[in-house]
Each structure stands twice: as C-alpha cells, then as structure tokens.
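Quick look at my_file-v9.pdb (PDB, C-alpha atoms):
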ATOM      1  CA  MET A   1      12.462   7.843  -0.376
ATOM      2  CA  PHE A   2      10.779   5.189   1.767
ATOM      3  CA  GLU A   3       8.058   7.673   2.788
ATOM      4  CA  THR A   4       7.267   8.302  -0.880
ATOM      5  CA  PHE A   5       6.964   4.569  -1.477
ATOM      6  CA  SER A   6       4.644   4.283   1.526
ATOM      7  CA  ILE A   7       2.426   7.099   0.260
ATOM      8  CA  ILE A   8       2.149   5.528  -3.198
ATOM      9  CA  ALA A   9       1.532   2.040  -1.778
ATOM     10  CA  GLY A  10      -1.109   3.440   0.596
ATOM     11  CA  ALA A  11      -2.888   5.223  -2.249
ATOM     12  CA  ILE A  12      -2.898   2.026  -4.326
ATOM     13  CA  LEU A  13      -4.208   0.070  -1.337
ATOM     14  CA  LEU A  14      -6.956   2.643  -0.873
ATOM     15  CA  LEU A  15      -7.940   2.271  -4.536
ATOM     16  CA  LEU A  16      -8.022  -1.507  -4.125
ATOM     17  CA  MET A  17     -10.605  -1.058  -1.370
ATOM     18  CA  LEU A  18     -13.149   0.349  -3.839
ATOM     19  CA  PRO A  19     -14.272  -3.043  -5.241
ATOM     20  CA  ALA A  20     -14.807  -4.248  -1.685
ATOM     21  CA  PHE A  21     -16.908  -1.135  -0.935
ATOM     22  CA  TYR A  22     -18.982  -1.973  -4.005
ATOM     23  CA  ARG A  23     -19.501  -5.531  -2.737
ATOM     24  CA  VAL A  24     -20.573  -4.203   0.684
ATOM     25  CA  VAL A  25     -23.243  -2.011  -0.911
ATOM     26  CA  VAL A  26     -24.447  -4.361  -3.662
ATOM     27  CA  GLY A  27     -23.448  -7.804  -2.357
ATOM     28  CA  PRO A  28     -26.173 -10.306  -3.132
ATOM     29  CA  THR A  29     -25.928 -12.081   0.241
ATOM     30  CA  ALA A  30     -25.049 -11.102   3.765
ATOM     31  CA  ILE A  31     -22.026 -13.419   3.704
ATOM     32  CA  ASP A  32     -20.622 -11.503   0.727
ATOM     33  CA  ARG A  33     -21.014  -8.276   2.663
ATOM     34  CA  ILE A  34     -19.304  -9.707   5.756
ATOM     35  CA  VAL A  35     -16.355 -10.956   3.725
ATOM     36  CA  ALA A  36     -16.050  -7.574   1.985
ATOM     37  CA  VAL A  37     -16.042  -5.734   5.312
ATOM     38  CA  ASN A  38     -13.382  -8.149   6.554
ATOM     39  CA  VAL A  39     -11.251  -7.440   3.462
ATOM     40  CA  ILE A  40     -11.610  -3.708   4.030
ATOM     41  CA  GLY A  41     -10.599  -4.132   7.682
ATOM     42  CA  THR A  42      -7.508  -6.123   6.750
ATOM     43  CA  LYS A  43      -6.428  -3.535   4.201
ATOM     44  CA  THR A  44      -7.044  -0.793   6.751
ATOM     45  CA  ALA A  45      -4.680  -2.515   9.199
ATOM     46  CA  VAL A  46      -1.960  -2.547   6.527
ATOM     47  CA  LEU A  47      -2.740   1.086   5.739
ATOM     48  CA  LEU A  48      -2.188   1.942   9.416
ATOM     49  CA  VAL A  49       1.323   0.480   9.195
ATOM     50  CA  PHE A  50       2.013   2.604   6.102
ATOM     51  CA  ILE A  51       0.817   5.686   7.998
ATOM     52  CA  GLY A  52       3.202   4.755  10.819
ATOM     53  CA  VAL A  53       6.080   4.656   8.335
ATOM     54  CA  ILE A  54       5.118   8.072   6.974
ATOM     55  CA  PHE A  55       5.000   9.647  10.450
ATOM     56  CA  GLY A  56       8.067   7.784  11.690
ATOM     57  CA  ARG A  57       6.180   6.085  14.540
ATOM     58  CA  VAL A  58       5.868   2.533  13.229
ATOM     59  CA  GLU A  59       5.883   0.915  16.678
ATOM     60  CA  MET A  60       2.806   2.872  17.775
ATOM     61  CA  PHE A  61       0.849   2.297  14.573
ATOM     62  CA  VAL A  62       1.668  -1.433  14.521
ATOM     63  CA  ASP A  63      -0.035  -1.704  17.918
ATOM     64  CA  PHE A  64      -3.077   0.101  16.514
ATOM     65  CA  ALA A  65      -3.081  -2.161  13.451
ATOM     66  CA  LEU A  66      -2.925  -5.318  15.584
ATOM     67  CA  ALA A  67      -5.770  -4.158  17.816
ATOM     68  CA  TYR A  68      -7.855  -3.169  14.788
ATOM     69  CA  GLY A  69      -7.141  -6.512  13.109
ATOM     70  CA  MET A  70      -8.240  -8.447  16.195
ATOM     71  CA  LEU A  71     -11.462  -6.425  16.482
ATOM     72  CA  ASN A  72     -12.099  -6.969  12.767
ATOM     73  CA  PHE A  73     -11.665 -10.735  13.146
ATOM     74  CA  ILE A  74     -13.863 -10.955  16.251
ATOM     75  CA  GLY A  75     -16.560  -8.868  14.553
ATOM     76  CA  SER A  76     -16.556 -11.126  11.514
ATOM     77  CA  LEU A  77     -16.846 -14.210  13.718
ATOM     78  CA  ALA A  78     -19.734 -12.674  15.642
ATOM     79  CA  ALA A  79     -21.609 -11.751  12.456
ATOM     80  CA  ALA A  80     -21.020 -15.203  10.948
ATOM     81  CA  ARG A  81     -22.212 -16.897  14.122
ATOM     82  CA  TYR A  82     -25.347 -14.733  14.160
ATOM     83  CA  LEU A  83     -26.099 -15.537  10.521
ATOM     84  CA  HIS A  84     -25.544 -19.226  11.204
ATOM     85  CA  ARG A  85     -28.273 -19.150  13.855
ATOM     86  CA  VAL A  86     -30.791 -17.185  11.787
ATOM     87  CA  ARG A  87     -33.129 -19.179   9.556
ATOM     88  CA  PRO A  88     -33.493 -17.730   6.038
ATOM     89  CA  PHE A  89     -36.890 -16.306   5.149
ATOM     90  CA  TYR A  90     -38.506 -17.571   1.969
ATOM     91  CA  GLY A  91     -41.051 -15.237   0.399
ATOM     92  CA  LYS A  92     -43.633 -15.841  -2.324
ATOM     93  CA  GLY A  93     -42.642 -18.355  -4.965
ATOM     94  CA  GLY A  94     -39.923 -19.923  -2.823
ATOM     95  CA  GLN A  95     -37.492 -17.062  -3.445
ATOM     96  CA  LEU A  96     -35.110 -16.210  -0.650
ATOM     97  CA  ALA A  97     -36.209 -12.823   0.708
ATOM     98  CA  GLU A  98     -34.000 -10.324   2.534
ATOM     99  CA  ALA A  99     -36.156  -9.914   5.622
ATOM    100  CA  GLU A 100     -35.878 -10.392   9.336
ATOM    101  CA  ALA A 101     -36.029 -14.065  10.179
ATOM    102  CA  THR A 102     -36.682 -15.680  13.512
ATOM    103  CA  PRO A 103     -33.683 -17.313  15.181
ATOM    104  CA  THR A 104     -33.594 -21.067  14.967
ATOM    105  CA  GLU A 105     -33.592 -23.196  18.048
ATOM    106  CA  ARG A 106     -30.373 -24.941  18.998
ATOM    107  CA  PRO A 107     -30.639 -28.558  20.172
TER
END

So that I can check it, write out the structure of this file as structure tokens.
Amino acid sequence: MFETFSIIAGAILLLLMLPAFYRVVVGPTAIDRIVAVNVIGTKTAVLLVFIGVIFGRVEMFVDFALAYGMLNFIGSLAAARYLHRVRPFYGKGGQLAEAEATPTERP
C-alpha cells in the first residue's frame, strides 16, 4: 500500500519537474536557469527518498539524498558567486547580450 503511494507520488513529482526543465532550456536569464536547476535538484532528492521506500532501503537512500542535496546547494552557490563576479555584456543599442563577459575586479 505504502509502496503504491510512493510510486504515484514519485510520478507526480517527476511531472512537476517538467516546468523547471522548460525554464532551464528557455529561461531568459542565467539566474532563472540556476534557480530551475536548484528546484530540479531538490525534487530529485525527495525522489531518492521515495525510491528508498519502494526498495525498502530508506536509510541508504536518505544518505544519498542528503549528499545530493548538499552538492546541489554548493553548486548553486558557486554558480551564483561566479555570476556575481561577471560583468554583464551590453551589445548594440544597450541591450543586454548573452555573451562571455570579462570578470570584474574586486576591490
């Protein structure tokens, strides 16, 4: 009974990841993409716990989910810190262009 609930909840969670995948591909800014990847990572950690319930090894999969969640958080912080240091590139007409920018100097 509980395994069936976990399978259904996992499938619904997987379907709820689709809008985040769309935002990763289309996202107008890099920050939108980073946040979407972070959302996908968080949902994946919960999905790992559901998989642990299905296989009857929750204690092992909770460890995997915690490690994955920490890596997801650290990766998001690293990407945000990198984007904070990079100066945006303005193309013709003052429009913000999606191009490689030179890193700004820190005081």

* To do: Quote the spacing between atom CA of Ile12 of chain A and atom CA of Leu77 of chain A in Å to one decimal place.
  => 28.0 Å

* Evaluating the PyMOL selection byres ((chain A and resi 69) around 10) on the displayed file yields which residues, as a PyMOL selection string? -> chain A and resi 38+41-46+63-68+70-75

* Could you tell me which residues the PyMOL selection byres ((chain A and resi 53) around 12) grabs in this file, written as a PyMOL selection string? => chain A and resi 1-7+9-10+46-52+54-62

List the residues selected by the PyMOL selection byres ((chain A and resi 79) around 12) in the file shown, writing them as a CSV table (one decimal) with C-alpha atoms, keeping the file's coordinate frame.
chain,number,residue,atom,x,y,z
A,30,ALA,CA,-25.0,-11.1,3.8
A,31,ILE,CA,-22.0,-13.4,3.7
A,32,ASP,CA,-20.6,-11.5,0.7
A,33,ARG,CA,-21.0,-8.3,2.7
A,34,ILE,CA,-19.3,-9.7,5.8
A,35,VAL,CA,-16.4,-11.0,3.7
A,37,VAL,CA,-16.0,-5.7,5.3
A,38,ASN,CA,-13.4,-8.1,6.6
A,72,ASN,CA,-12.1,-7.0,12.8
A,73,PHE,CA,-11.7,-10.7,13.1
A,74,ILE,CA,-13.9,-11.0,16.3
A,75,GLY,CA,-16.6,-8.9,14.6
A,76,SER,CA,-16.6,-11.1,11.5
A,77,LEU,CA,-16.8,-14.2,13.7
A,78,ALA,CA,-19.7,-12.7,15.6
A,80,ALA,CA,-21.0,-15.2,10.9
A,81,ARG,CA,-22.2,-16.9,14.1
A,82,TYR,CA,-25.3,-14.7,14.2
A,83,LEU,CA,-26.1,-15.5,10.5
A,84,HIS,CA,-25.5,-19.2,11.2
A,85,ARG,CA,-28.3,-19.2,13.9
A,86,VAL,CA,-30.8,-17.2,11.8

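Taking atom CA of Val39 of chain A and atom CA of Met17 of chain A as the two end points, the separation is 8.0 Å.
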
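With atom CA of Ala36 of chain A on one side and atom CA of Leu16 of chain A on the other, the separation reads 11.8 Å.
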
Per-axis box centre and lengths in Å around segment 70-81 of chain A, 5 Å margin per side, axis-aligned, as JSON:
{"center_x": -15.2, "center_y": -11.7, "center_z": 13.7, "size_x": 24.0, "size_y": 20.5, "size_z": 15.5}

Can you put N, CA and C atoms back into segment 31-67 of chain A and show it as a PDB file, in the coordinates of the input?
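This went into selection-v9.pdb:
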ATOM      1  N   ILE A  31     -23.378 -12.869   3.568  1.00  0.00           N
ATOM      2  CA  ILE A  31     -22.026 -13.419   3.704  1.00  0.00           C
ATOM      3  C   ILE A  31     -21.049 -12.658   2.812  1.00  0.00           C
ATOM      4  N   ASP A  32     -21.477 -12.306   1.605  1.00  0.00           N
ATOM      5  CA  ASP A  32     -20.622 -11.503   0.727  1.00  0.00           C
ATOM      6  C   ASP A  32     -20.281 -10.166   1.365  1.00  0.00           C
ATOM      7  N   ARG A  33     -21.250  -9.567   2.006  1.00  0.00           N
ATOM      8  CA  ARG A  33     -21.014  -8.276   2.663  1.00  0.00           C
ATOM      9  C   ARG A  33     -20.056  -8.419   3.834  1.00  0.00           C
ATOM     10  N   ILE A  34     -20.191  -9.486   4.614  1.00  0.00           N
ATOM     11  CA  ILE A  34     -19.304  -9.707   5.756  1.00  0.00           C
ATOM     12  C   ILE A  34     -17.866  -9.912   5.291  1.00  0.00           C
ATOM     13  N   VAL A  35     -17.701 -10.711   4.250  1.00  0.00           N
ATOM     14  CA  VAL A  35     -16.355 -10.956   3.725  1.00  0.00           C
ATOM     15  C   VAL A  35     -15.757  -9.662   3.184  1.00  0.00           C
ATOM     16  N   ALA A  36     -16.554  -8.842   2.516  1.00  0.00           N
ATOM     17  CA  ALA A  36     -16.050  -7.574   1.985  1.00  0.00           C
ATOM     18  C   ALA A  36     -15.637  -6.628   3.108  1.00  0.00           C
ATOM     19  N   VAL A  37     -16.412  -6.578   4.168  1.00  0.00           N
ATOM     20  CA  VAL A  37     -16.042  -5.734   5.312  1.00  0.00           C
ATOM     21  C   VAL A  37     -14.760  -6.249   5.957  1.00  0.00           C
ATOM     22  N   ASN A  38     -14.600  -7.565   6.007  1.00  0.00           N
ATOM     23  CA  ASN A  38     -13.382  -8.149   6.554  1.00  0.00           C
ATOM     24  C   ASN A  38     -12.171  -7.802   5.687  1.00  0.00           C
ATOM     25  N   VAL A  39     -12.339  -7.826   4.374  1.00  0.00           N
ATOM     26  CA  VAL A  39     -11.251  -7.440   3.462  1.00  0.00           C
ATOM     27  C   VAL A  39     -10.876  -5.980   3.667  1.00  0.00           C
ATOM     28  N   ILE A  40     -11.880  -5.130   3.802  1.00  0.00           N
ATOM     29  CA  ILE A  40     -11.610  -3.708   4.030  1.00  0.00           C
ATOM     30  C   ILE A  40     -10.873  -3.513   5.352  1.00  0.00           C
ATOM     31  N   GLY A  41     -11.269  -4.236   6.386  1.00  0.00           N
ATOM     32  CA  GLY A  41     -10.599  -4.132   7.682  1.00  0.00           C
ATOM     33  C   GLY A  41      -9.150  -4.580   7.630  1.00  0.00           C
ATOM     34  N   THR A  42      -8.883  -5.642   6.877  1.00  0.00           N
ATOM     35  CA  THR A  42      -7.508  -6.123   6.750  1.00  0.00           C
ATOM     36  C   THR A  42      -6.643  -5.108   6.014  1.00  0.00           C
ATOM     37  N   LYS A  43      -7.183  -4.545   4.949  1.00  0.00           N
ATOM     38  CA  LYS A  43      -6.428  -3.535   4.201  1.00  0.00           C
ATOM     39  C   LYS A  43      -6.234  -2.266   5.031  1.00  0.00           C
ATOM     40  N   THR A  44      -7.185  -1.954   5.881  1.00  0.00           N
ATOM     41  CA  THR A  44      -7.044  -0.793   6.751  1.00  0.00           C
ATOM     42  C   THR A  44      -5.919  -1.007   7.762  1.00  0.00           C
ATOM     43  N   ALA A  45      -5.775  -2.225   8.262  1.00  0.00           N
ATOM     44  CA  ALA A  45      -4.680  -2.515   9.199  1.00  0.00           C
ATOM     45  C   ALA A  45      -3.332  -2.320   8.512  1.00  0.00           C
ATOM     46  N   VAL A  46      -3.212  -2.755   7.276  1.00  0.00           N
ATOM     47  CA  VAL A  46      -1.960  -2.547   6.527  1.00  0.00           C
ATOM     48  C   VAL A  46      -1.750  -1.062   6.262  1.00  0.00           C
ATOM     49  N   LEU A  47      -2.832  -0.357   5.963  1.00  0.00           N
ATOM     50  CA  LEU A  47      -2.740   1.086   5.739  1.00  0.00           C
ATOM     51  C   LEU A  47      -2.264   1.817   6.996  1.00  0.00           C
ATOM     52  N   LEU A  48      -2.673   1.340   8.166  1.00  0.00           N
ATOM     53  CA  LEU A  48      -2.188   1.942   9.416  1.00  0.00           C
ATOM     54  C   LEU A  48      -0.677   1.790   9.564  1.00  0.00           C
ATOM     55  N   VAL A  49      -0.136   0.664   9.137  1.00  0.00           N
ATOM     56  CA  VAL A  49       1.323   0.480   9.195  1.00  0.00           C
ATOM     57  C   VAL A  49       2.007   1.449   8.241  1.00  0.00           C
ATOM     58  N   PHE A  50       1.437   1.637   7.042  1.00  0.00           N
ATOM     59  CA  PHE A  50       2.013   2.604   6.102  1.00  0.00           C
ATOM     60  C   PHE A  50       1.985   4.017   6.681  1.00  0.00           C
ATOM     61  N   ILE A  51       0.902   4.363   7.365  1.00  0.00           N
ATOM     62  CA  ILE A  51       0.817   5.686   7.998  1.00  0.00           C
ATOM     63  C   ILE A  51       1.878   5.817   9.084  1.00  0.00           C
ATOM     64  N   GLY A  52       2.136   4.735   9.818  1.00  0.00           N
ATOM     65  CA  GLY A  52       3.202   4.755  10.819  1.00  0.00           C
ATOM     66  C   GLY A  52       4.564   4.998  10.202  1.00  0.00           C
ATOM     67  N   VAL A  53       4.812   4.419   9.028  1.00  0.00           N
ATOM     68  CA  VAL A  53       6.080   4.656   8.335  1.00  0.00           C
ATOM     69  C   VAL A  53       6.188   6.117   7.921  1.00  0.00           C
ATOM     70  N   ILE A  54       5.098   6.680   7.426  1.00  0.00           N
ATOM     71  CA  ILE A  54       5.118   8.072   6.974  1.00  0.00           C
ATOM     72  C   ILE A  54       5.414   9.016   8.135  1.00  0.00           C
ATOM     73  N   PHE A  55       4.795   8.778   9.296  1.00  0.00           N
ATOM     74  CA  PHE A  55       5.000   9.647  10.450  1.00  0.00           C
ATOM     75  C   PHE A  55       6.226   9.287  11.277  1.00  0.00           C
ATOM     76  N   GLY A  56       6.875   8.188  10.946  1.00  0.00           N
ATOM     77  CA  GLY A  56       8.067   7.784  11.690  1.00  0.00           C
ATOM     78  C   GLY A  56       7.773   7.187  13.048  1.00  0.00           C
ATOM     79  N   ARG A  57       6.586   6.691  13.266  1.00  0.00           N
ATOM     80  CA  ARG A  57       6.180   6.085  14.540  1.00  0.00           C
ATOM     81  C   ARG A  57       5.597   4.700  14.287  1.00  0.00           C
ATOM     82  N   VAL A  58       6.359   3.850  13.632  1.00  0.00           N
ATOM     83  CA  VAL A  58       5.868   2.533  13.229  1.00  0.00           C
ATOM     84  C   VAL A  58       5.440   1.711  14.433  1.00  0.00           C
ATOM     85  N   GLU A  59       6.193   1.751  15.523  1.00  0.00           N
ATOM     86  CA  GLU A  59       5.883   0.915  16.678  1.00  0.00           C
ATOM     87  C   GLU A  59       4.509   1.228  17.264  1.00  0.00           C
ATOM     88  N   MET A  60       4.109   2.492  17.247  1.00  0.00           N
ATOM     89  CA  MET A  60       2.806   2.872  17.775  1.00  0.00           C
ATOM     90  C   MET A  60       1.697   2.418  16.824  1.00  0.00           C
ATOM     91  N   PHE A  61       1.887   2.631  15.533  1.00  0.00           N
ATOM     92  CA  PHE A  61       0.849   2.297  14.573  1.00  0.00           C
ATOM     93  C   PHE A  61       0.719   0.786  14.362  1.00  0.00           C
ATOM     94  N   VAL A  62       1.776   0.029  14.587  1.00  0.00           N
ATOM     95  CA  VAL A  62       1.668  -1.433  14.521  1.00  0.00           C
ATOM     96  C   VAL A  62       0.760  -1.926  15.646  1.00  0.00           C
ATOM     97  N   ASP A  63       0.869  -1.336  16.817  1.00  0.00           N
ATOM     98  CA  ASP A  63      -0.035  -1.704  17.918  1.00  0.00           C
ATOM     99  C   ASP A  63      -1.485  -1.410  17.558  1.00  0.00           C
ATOM    100  N   PHE A  64      -1.726  -0.240  16.951  1.00  0.00           N
ATOM    101  CA  PHE A  64      -3.077   0.101  16.514  1.00  0.00           C
ATOM    102  C   PHE A  64      -3.571  -0.886  15.460  1.00  0.00           C
ATOM    103  N   ALA A  65      -2.701  -1.242  14.525  1.00  0.00           N
ATOM    104  CA  ALA A  65      -3.081  -2.161  13.451  1.00  0.00           C
ATOM    105  C   ALA A  65      -3.413  -3.544  14.009  1.00  0.00           C
ATOM    106  N   LEU A  66      -2.643  -4.014  14.975  1.00  0.00           N
ATOM    107  CA  LEU A  66      -2.925  -5.318  15.584  1.00  0.00           C
ATOM    108  C   LEU A  66      -4.258  -5.310  16.334  1.00  0.00           C
ATOM    109  N   ALA A  67      -4.509  -4.258  17.089  1.00  0.00           N
ATOM    110  CA  ALA A  67      -5.770  -4.158  17.816  1.00  0.00           C
ATOM    111  C   ALA A  67      -6.948  -4.070  16.846  1.00  0.00           C
TER     112      ALA A  67
END
